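*Asks:* File name my_file.txt; file contents compact mmCIF, C-alpha atoms; full text below.
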```
# COMPACT_ATOMS: atom_id res chain seq x y z
CA MET C 1 0.00 0.00 0.00
CA SER C 2 1.44 3.41 -1.03
CA ARG C 3 2.19 6.14 1.59
CA GLN C 4 1.03 9.80 1.10
CA PRO C 5 3.59 12.64 1.84
CA VAL C 6 3.22 14.08 5.30
CA ARG C 7 2.03 17.78 5.18
CA PRO C 8 1.48 19.99 8.25
CA ALA C 9 -2.10 20.79 8.86
CA ALA C 10 -3.21 24.40 8.29
CA ALA C 11 -4.30 24.63 11.89
CA ALA C 12 -0.84 23.65 13.09
CA ILE C 13 0.80 26.35 10.93
CA ARG C 14 -1.52 29.01 12.31
CA ALA C 15 -0.79 27.84 15.84
CA ALA C 16 2.94 28.39 15.27
CA VAL C 17 2.76 31.67 13.34
CA LEU C 18 0.12 33.66 15.20
CA PRO C 19 1.99 33.89 18.54
CA LEU C 20 5.08 35.24 16.73
CA ALA C 21 3.02 37.80 14.86
CA GLY C 22 1.36 38.88 18.07
CA LEU C 23 4.70 39.31 19.78
CA LEU C 24 6.03 41.47 16.91
CA LEU C 25 2.89 43.61 16.96
CA ALA C 26 3.23 44.15 20.70
CA VAL C 27 6.84 45.31 20.34
CA LEU C 28 5.96 47.75 17.56
CA SER C 29 2.97 49.07 19.48
CA GLY C 30 5.14 49.67 22.55
CA CYS C 31 7.59 51.78 20.50
CA ALA C 32 4.74 53.85 19.08
CA ALA C 33 3.21 54.39 22.52
CA ALA C 34 6.53 55.67 23.84
CA GLY C 35 6.63 58.18 21.00
CA GLY C 36 10.23 57.32 20.19
CA PRO C 37 11.57 57.44 16.63
CA ALA C 38 12.75 54.27 14.94
CA PRO C 39 16.38 53.46 15.83
CA GLY C 40 18.84 55.07 13.43
CA SER C 41 16.29 57.53 12.03
CA SER C 42 17.26 61.14 11.26
CA SER C 43 14.72 62.45 13.78
CA GLU C 44 16.38 60.42 16.52
CA ALA C 45 19.79 61.89 15.60
CA ALA C 46 18.42 65.44 15.63
CA ALA C 47 16.71 64.93 18.99
CA GLY C 48 19.85 63.57 20.56
CA SER C 49 22.24 66.18 19.19
CA GLY C 50 21.15 68.97 21.56
CA ALA C 51 22.36 71.55 19.01
CA PRO C 52 20.62 74.96 19.16
CA SER C 53 18.54 75.98 16.17
CA GLY C 54 16.27 78.76 15.01
CA THR C 55 16.39 82.50 15.56
CA ILE C 56 17.12 84.46 18.74
CA THR C 57 16.87 88.19 19.33
CA VAL C 58 19.60 89.62 21.54
CA PHE C 59 19.12 93.01 23.19
CA ALA C 60 22.60 94.37 23.96
CA ALA C 61 23.99 97.58 25.44
CA ALA C 62 25.39 99.98 22.85
CA SER C 63 28.94 99.51 24.12
CA LEU C 64 28.68 95.81 23.19
CA LYS C 65 27.90 96.39 19.52
CA ALA C 66 31.28 95.38 18.07
CA THR C 67 31.92 92.39 20.34
CA PHE C 68 28.39 91.00 20.13
CA THR C 69 28.37 91.39 16.35
CA GLU C 70 31.48 89.20 16.27
CA LEU C 71 30.06 86.71 18.77
CA ALA C 72 26.76 86.51 16.87
CA HIS C 73 28.68 85.56 13.73
CA THR C 74 30.66 82.97 15.71
CA PHE C 75 27.47 81.51 17.15
CA GLU C 76 25.84 81.18 13.73
CA THR C 77 28.98 79.60 12.27
CA GLU C 78 29.31 77.08 15.08
CA ASN C 79 25.59 76.28 15.04
CA PRO C 80 24.33 75.94 11.45
CA GLY C 81 20.65 76.74 11.17
CA THR C 82 20.74 79.50 13.81
CA THR C 83 20.27 83.23 13.31
CA VAL C 84 21.13 85.94 15.84
CA THR C 85 19.30 89.24 15.48
CA LEU C 86 20.98 92.04 17.44
CA SER C 87 19.14 95.05 18.84
CA VAL C 88 21.67 97.53 20.20
CA ALA C 89 20.78 100.64 22.23
CA GLY C 90 21.15 102.18 25.67
CA SER C 91 20.52 99.66 28.44
CA SER C 92 17.69 101.69 29.95
CA ASP C 93 15.89 101.90 26.61
CA LEU C 94 16.27 98.16 26.06
CA ALA C 95 15.00 97.32 29.55
CA SER C 96 11.96 99.55 28.98
CA GLN C 97 11.25 97.90 25.63
CA ILE C 98 11.34 94.42 27.17
CA ASN C 99 9.09 95.60 30.02
CA GLN C 100 6.64 96.84 27.39
CA GLY C 101 6.55 93.47 25.64
CA ALA C 102 9.20 93.79 22.94
CA PRO C 103 10.23 90.30 21.75
CA ALA C 104 13.69 89.37 23.03
CA ASP C 105 15.43 86.15 24.00
CA VAL C 106 18.57 87.57 25.66
CA PHE C 107 19.34 90.83 27.46
CA ALA C 108 22.90 92.04 28.05
CA SER C 109 23.03 95.23 30.11
CA ALA C 110 25.89 97.64 30.77
CA ASP C 111 24.93 97.78 34.44
CA THR C 112 23.19 95.73 37.09
CA ALA C 113 20.52 98.37 37.76
CA ASN C 114 18.73 97.90 34.44
CA MET C 115 18.98 94.13 34.70
CA LYS C 116 17.36 94.36 38.15
CA LYS C 117 14.38 96.11 36.54
CA LEU C 118 13.75 92.93 34.55
CA GLN C 119 14.28 90.73 37.59
CA ASP C 120 11.85 92.78 39.67
CA ALA C 121 9.27 92.48 36.89
CA GLY C 122 9.76 88.72 36.68
CA LEU C 123 11.12 89.01 33.15
CA ALA C 124 14.58 87.52 33.68
CA ASP C 125 14.94 83.83 32.90
CA GLY C 126 17.19 82.50 35.64
CA THR C 127 19.95 84.27 37.52
CA PRO C 128 21.88 86.87 35.46
CA ARG C 129 25.60 86.19 34.97
CA ASN C 130 28.17 88.98 35.17
CA PHE C 131 30.36 88.62 32.08
CA ALA C 132 32.36 91.88 31.75
CA THR C 133 33.35 95.16 33.37
CA ASN C 134 34.13 98.57 31.90
CA THR C 135 35.33 101.99 33.02
CA LEU C 136 35.02 105.48 31.61
CA ALA C 137 37.58 107.34 29.54
CA ILE C 138 37.64 110.78 27.93
CA ALA C 139 37.34 110.84 24.15
CA VAL C 140 38.58 113.91 22.29
CA PRO C 141 38.98 114.71 18.58
CA PRO C 142 42.35 113.76 17.06
CA GLY C 143 45.02 116.18 18.19
CA ASN C 144 42.99 117.17 21.27
CA PRO C 145 42.38 120.79 20.16
CA ALA C 146 40.85 121.81 23.52
CA GLY C 147 43.92 120.58 25.45
CA ILE C 148 42.00 118.21 27.73
CA SER C 149 44.20 116.12 30.01
CA THR C 150 42.26 115.53 33.25
CA LEU C 151 38.71 115.05 34.48
CA GLN C 152 38.89 118.53 35.99
CA ASP C 153 39.53 120.02 32.54
CA LEU C 154 36.04 118.98 31.48
CA ALA C 155 34.62 121.62 33.82
CA ARG C 156 36.59 124.47 32.28
CA PRO C 157 34.49 127.33 30.89
CA GLY C 158 33.94 127.03 27.17
CA VAL C 159 34.64 123.30 26.93
CA LYS C 160 31.93 121.59 24.90
CA LEU C 161 31.34 118.34 26.79
CA VAL C 162 28.95 115.56 25.79
CA VAL C 163 27.89 112.82 28.21
CA CYS C 164 25.28 110.09 28.46
CA ALA C 165 21.94 110.83 30.09
CA LYS C 166 21.80 109.95 33.78
CA GLN C 167 19.47 106.97 33.29
CA VAL C 168 22.00 105.36 30.93
CA PRO C 169 24.80 103.35 32.61
CA CYS C 170 27.61 105.51 31.20
CA GLY C 171 25.73 108.61 32.37
CA ALA C 172 25.27 107.23 35.87
CA ALA C 173 28.99 106.42 35.98
CA ALA C 174 29.91 109.93 34.80
CA GLU C 175 27.70 111.48 37.47
CA LYS C 176 29.28 109.29 40.13
CA VAL C 177 32.91 110.05 39.24
CA ALA C 178 32.20 113.77 38.96
CA GLY C 179 30.38 113.82 42.30
CA THR C 180 33.15 111.90 44.05
CA ALA C 181 35.75 114.28 42.61
CA GLY C 182 33.69 117.34 43.57
CA ILE C 183 33.43 118.52 39.97
CA ALA C 184 30.35 120.21 38.48
CA LEU C 185 30.04 119.20 34.85
CA SER C 186 27.96 121.29 32.42
CA PRO C 187 27.51 119.21 29.28
CA VAL C 188 26.15 120.77 26.12
CA SER C 189 24.35 117.52 25.31
CA GLU C 190 23.17 114.35 27.05
CA GLU C 191 22.72 111.27 24.85
CA ASN C 192 20.73 108.06 25.29
CA ALA C 193 23.59 105.79 24.22
CA VAL C 194 27.36 105.89 24.61
CA THR C 195 27.75 105.43 20.86
CA ASP C 196 25.88 108.72 20.34
CA VAL C 197 28.34 110.50 22.64
CA LEU C 198 31.23 109.10 20.64
CA GLY C 199 29.50 110.16 17.44
CA LYS C 200 29.36 113.79 18.60
CA VAL C 201 33.11 113.74 19.29
CA THR C 202 34.07 112.09 16.00
CA ALA C 203 31.85 114.57 14.11
CA GLY C 204 33.69 117.49 15.70
CA GLU C 205 30.59 118.67 17.55
CA ALA C 206 32.21 118.35 20.97
CA ASP C 207 35.60 119.03 22.56
CA ALA C 208 35.28 115.93 24.72
CA GLY C 209 32.95 113.11 25.62
CA LEU C 210 32.79 110.71 28.54
CA VAL C 211 32.57 107.22 27.06
CA TYR C 212 33.89 103.76 27.93
CA GLY C 213 37.51 102.84 27.41
CA THR C 214 36.33 100.12 25.03
CA ASP C 215 34.63 102.73 22.84
CA VAL C 216 37.85 104.72 22.58
CA LYS C 217 39.73 101.57 21.59
CA ALA C 218 37.13 100.60 19.00
CA ALA C 219 37.14 104.09 17.45
CA GLY C 220 40.82 103.79 16.56
CA ALA C 221 42.27 106.90 14.92
CA LYS C 222 38.90 108.68 14.93
CA VAL C 223 39.48 109.90 18.49
CA ASP C 224 42.21 110.26 21.08
CA GLY C 225 41.61 108.68 24.47
CA ILE C 226 42.51 110.02 27.89
CA ALA C 227 42.44 107.75 30.93
CA PHE C 228 41.79 109.32 34.34
CA PRO C 229 42.22 107.74 37.78
CA GLU C 230 38.78 108.77 39.04
CA SER C 231 37.19 106.30 36.60
CA GLN C 232 38.10 103.44 38.95
CA GLY C 233 35.49 104.75 41.36
CA ALA C 234 32.67 103.81 38.97
CA VAL C 235 33.31 100.42 37.41
CA ASN C 236 30.33 99.17 35.44
CA THR C 237 29.49 95.47 35.66
CA TYR C 238 27.74 93.86 32.68
CA PRO C 239 25.17 91.08 33.39
CA ILE C 240 23.48 88.84 30.82
CA ALA C 241 20.34 86.72 31.14
CA GLY C 242 17.64 85.07 29.11
CA VAL C 243 14.26 86.78 28.85
CA ALA C 244 11.38 84.89 30.44
CA SER C 245 9.06 85.61 27.51
CA GLY C 246 11.65 84.51 24.94
CA ARG C 247 10.53 81.89 22.41
CA ASN C 248 13.84 80.09 21.92
CA LYS C 249 15.21 79.42 25.39
CA ALA C 250 17.57 76.63 24.35
CA ALA C 251 19.38 78.78 21.78
CA ALA C 252 19.33 81.75 24.17
CA GLN C 253 21.13 79.75 26.86
CA ALA C 254 23.62 78.47 24.30
CA PHE C 255 24.42 82.05 23.26
CA ILE C 256 24.84 83.07 26.90
CA GLY C 257 27.19 80.14 27.29
CA LEU C 258 29.29 81.44 24.38
CA VAL C 259 29.49 84.95 25.88
CA THR C 260 30.43 83.75 29.35
CA GLY C 261 32.71 80.94 28.16
CA ALA C 262 36.37 81.04 27.21
CA GLU C 263 35.72 81.98 23.59
CA GLY C 264 33.47 84.91 24.42
CA GLN C 265 35.72 86.14 27.22
CA LYS C 266 38.67 86.20 24.83
CA VAL C 267 36.75 88.41 22.38
CA LEU C 268 35.66 90.76 25.16
CA ALA C 269 39.17 91.01 26.63
CA SER C 270 40.58 91.86 23.18
CA ALA C 271 38.11 94.74 22.99
CA GLY C 272 39.30 96.10 26.35
CA PHE C 273 36.61 94.78 28.68
CA GLY C 274 37.59 93.55 32.11
CA PRO C 275 36.43 90.20 33.54
CA GLY C 276 32.94 90.07 34.94
CA GLY C 277 33.51 87.62 37.75
CA GLN C 278 30.23 85.80 36.92
```
Please rewrite the model in this file as structure tokens.

*Replies:*
Amino acid sequence: MSRQPVRPAAAAIRAAVLPLAGLLLAVLSGCAAAGGPAPGSSSEAAAGSGAPSGTITVFAAASLKATFTELAHTFETENPGTTVTLSVAGSSDLASQINQGAPADVFASADTANMKKLQDAGLADGTPRNFATNTLAIAVPPGNPAGISTLQDLARPGVKLVVCAKQVPCGAAAEKVAGTAGIALSPVSEENAVTDVLGKVTAGEADAGLVYGTDVKAAGAKVDGIAFPESQGAVNTYPIAGVASGRNKAAAQAFIGLVTGAEGQKVLASAGFGPGGQ
């Protein structure tokens, strides 16, 4: 009698296959529930890189224009896909703008007083970090036609002096050094930013201006600079912090890290800023 080939029954095949299929489905469902990307996918690589991206708006004191322009370029180069938009003005104006709802991710002030305004209003994201210091110097046109050599000379009759307004950090510093020295200054103009003071001097509209030493250095041959010992009595400390209402906090903190880190400190020191102490 002939024998028929032995073939597995359909029921037996299903009994072996279905448990394996169920196990595979359970594994895939678990991955989807966890919300994790498939291993090796591009989205997983991007999520794990931690690299900053997108645009940030940095509000910076006028005296930081040159250094922060350089650092913004560095940040964009080191972090492809990022853009840093700088808004440069007097610290008091910038603090007021943020208080009024202007969009900003980072605020770098030329003094602690204007940063405190943001802290008191609950608008500072975290504790501000002191990243630089600066002191005043006298800027005069090339050749120093008015013969200015000391702080006291700024009070001479006929000297056309330009200073910052009192609410601006450089103006508050000027008022402090003059008061400590017992000198009554009579400026012909008070400006809302230290760069405007320097502009009056370089344009020949003033015999002298009280600016920061870093501004004199940055101006190069456009002005002559005169250091005076009384400036050490009013050292301005520069703090930086994220803005609580900022939309790109990760990139903002990365930029702050650049400013306060070794690379940023090197750029600031080259421009004449002193260490901030942080």

*Asks:* For the point (31.8, 109.1, 29.2) in file coordinates, what residues are within 8 Å, counting only C-alpha atoms? Give the answer as a list in words?

*Replies:*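 Residues with an atom at most 8 Å from (31.8, 109.1, 29.2): Leu136, Ala137, Ile138, Ala139, Val162, Val163, Cys164, Cys170, Gly171, Ala173, Ala174, Val194, Val197, Gly209, Leu210, Val211 and Tyr212 of chain C.
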
*Asks:* Work out how far CA of Val106 in chain C is from CA of Lys166 in chain C, in Å to one decimal.

*Replies:*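 The value is 24.0 Å.
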
*Asks:* With a distance cut-off of 8 Å and all atoms listed in the file, select the neighbouring residues of range 96-99 of chain C, excluding the residue or stretch itself and same-chain residues fewer than 6 positions from it, and output the selection as a PyMOL selection string.

*Replies:* chain C and resi 118+121+123

*Asks:* At what distance in Å, to one decimal, does CA of Asp93 in chain C lie from CA of Glu175 in chain C?

*Replies:*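 Interatomic distance here is 18.7 Å.
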
*Asks:* Taking only C-alpha atoms into account, name the residue in C:Ala72, C:Leu185, C:Ile148, C:Ala227 that is nearest to Thr214 in chain C.

*Replies:*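 Between C:Ala72, C:Leu185, C:Ile148, C:Ala227, the residue approaching Thr214 in chain C most closely is C:Ala227.
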
*Asks:* One number please: CA of Val235 in chain C to CA of Thr135 in chain C, in Å, one decimal.

*Replies:*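 The value is 5.1 Å.
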
*Asks:* List the spatial neighbours of Val201 in chain C as a VMD selection string - criterion: any atom at most 12 Å away, only C-alpha atoms, same-chain residues fewer than 6 positions off excluded.

*Replies:* chain C and resid 138 to 142 144 to 146 160 to 163 189 194 to 195 207 to 211 215 to 216 219 222 to 225

*Asks:* So that I can see what lies close to Thr67 in chain C, please list as a ChimeraX atom specification the residues with an atom at most 12 Å from it, counting all atoms listed in the file and leaving out residues fewer than 6 positions away in the same chain.

*Replies:* /C:60-61,73-74,86,88,108,132,214-215,218,258-259,263-273

*Asks:* Counting all atoms listed in the file, what is within 10 Å of Phe255 in chain C, bar same-chain residues fewer than 5 positions away, as a PyMOL selection string?

*Replies:* chain C and resi 52+56+58+71-72+74-76+84+105-106+242+249-250+260-261+264

*Asks:* Next, the residues of the selection above should be written as a compact mmCIF listing (two decimals), in the coordinates of the input with C-alpha atoms.

*Replies:*
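Okay, this is what ended up in selection.txt:
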```
# COMPACT_ATOMS: atom_id res chain seq x y z
CA PRO C 52 20.62 74.96 19.16
CA ILE C 56 17.12 84.46 18.74
CA VAL C 58 19.60 89.62 21.54
CA LEU C 71 30.06 86.71 18.77
CA ALA C 72 26.76 86.51 16.87
CA THR C 74 30.66 82.97 15.71
CA PHE C 75 27.47 81.51 17.15
CA GLU C 76 25.84 81.18 13.73
CA VAL C 84 21.13 85.94 15.84
CA ASP C 105 15.43 86.15 24.00
CA VAL C 106 18.57 87.57 25.66
CA GLY C 242 17.64 85.07 29.11
CA LYS C 249 15.21 79.42 25.39
CA ALA C 250 17.57 76.63 24.35
CA THR C 260 30.43 83.75 29.35
CA GLY C 261 32.71 80.94 28.16
CA GLY C 264 33.47 84.91 24.42
```

*Asks:* Name the residues in contact with Thr127 in chain C at a cut-off of 12 Å, using all atoms listed in the file, excluding same-chain residues fewer than 6 positions from it; report them as a PyMOL selection string.

*Replies:* chain C and resi 112+115-116+118-120+239-244+253+256+278

*Asks:* Out of C:Ser149, C:Tyr238, C:Ala172, C:Glu70, which residue has the shortest atom-to-atom distance to Ser109 in chain C when counting all atoms listed in the file?

*Replies:* C:Tyr238

*Asks:* With distances taken over all atoms listed in the file, which residue among C:Lys65, C:Arg129, C:Lys200, C:Arg247 lies nearest Asp111 in chain C?

*Replies:*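 Checking each candidate against Asp111 in chain C, we get C:Arg129 as the closest.
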
*Asks:* Restricting the calculation to only C-alpha atoms: of C:Asn236, C:Thr83, C:Asn192, C:Thr180, which residue gets closest to Gly213 in chain C?

*Replies:*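 Comparing C:Asn236, C:Thr83, C:Asn192, C:Thr180 against Gly213 in chain C, the winner is C:Asn236.
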
*Asks:* Tell me which of C:Gly199, C:Gly54, C:Ser87, C:Gly274 sits closest to Ala102 in chain C, counting all atoms listed in the file.

*Replies:* C:Ser87

*Asks:* Please determine, counting only C-alpha atoms, which residue among C:Glu230, C:Glu205, C:Glu191, C:Asp153 has the shortest atom-to-atom distance to Ser92 in chain C.

*Replies:*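 Nearest to Ser92 in chain C: C:Glu191.
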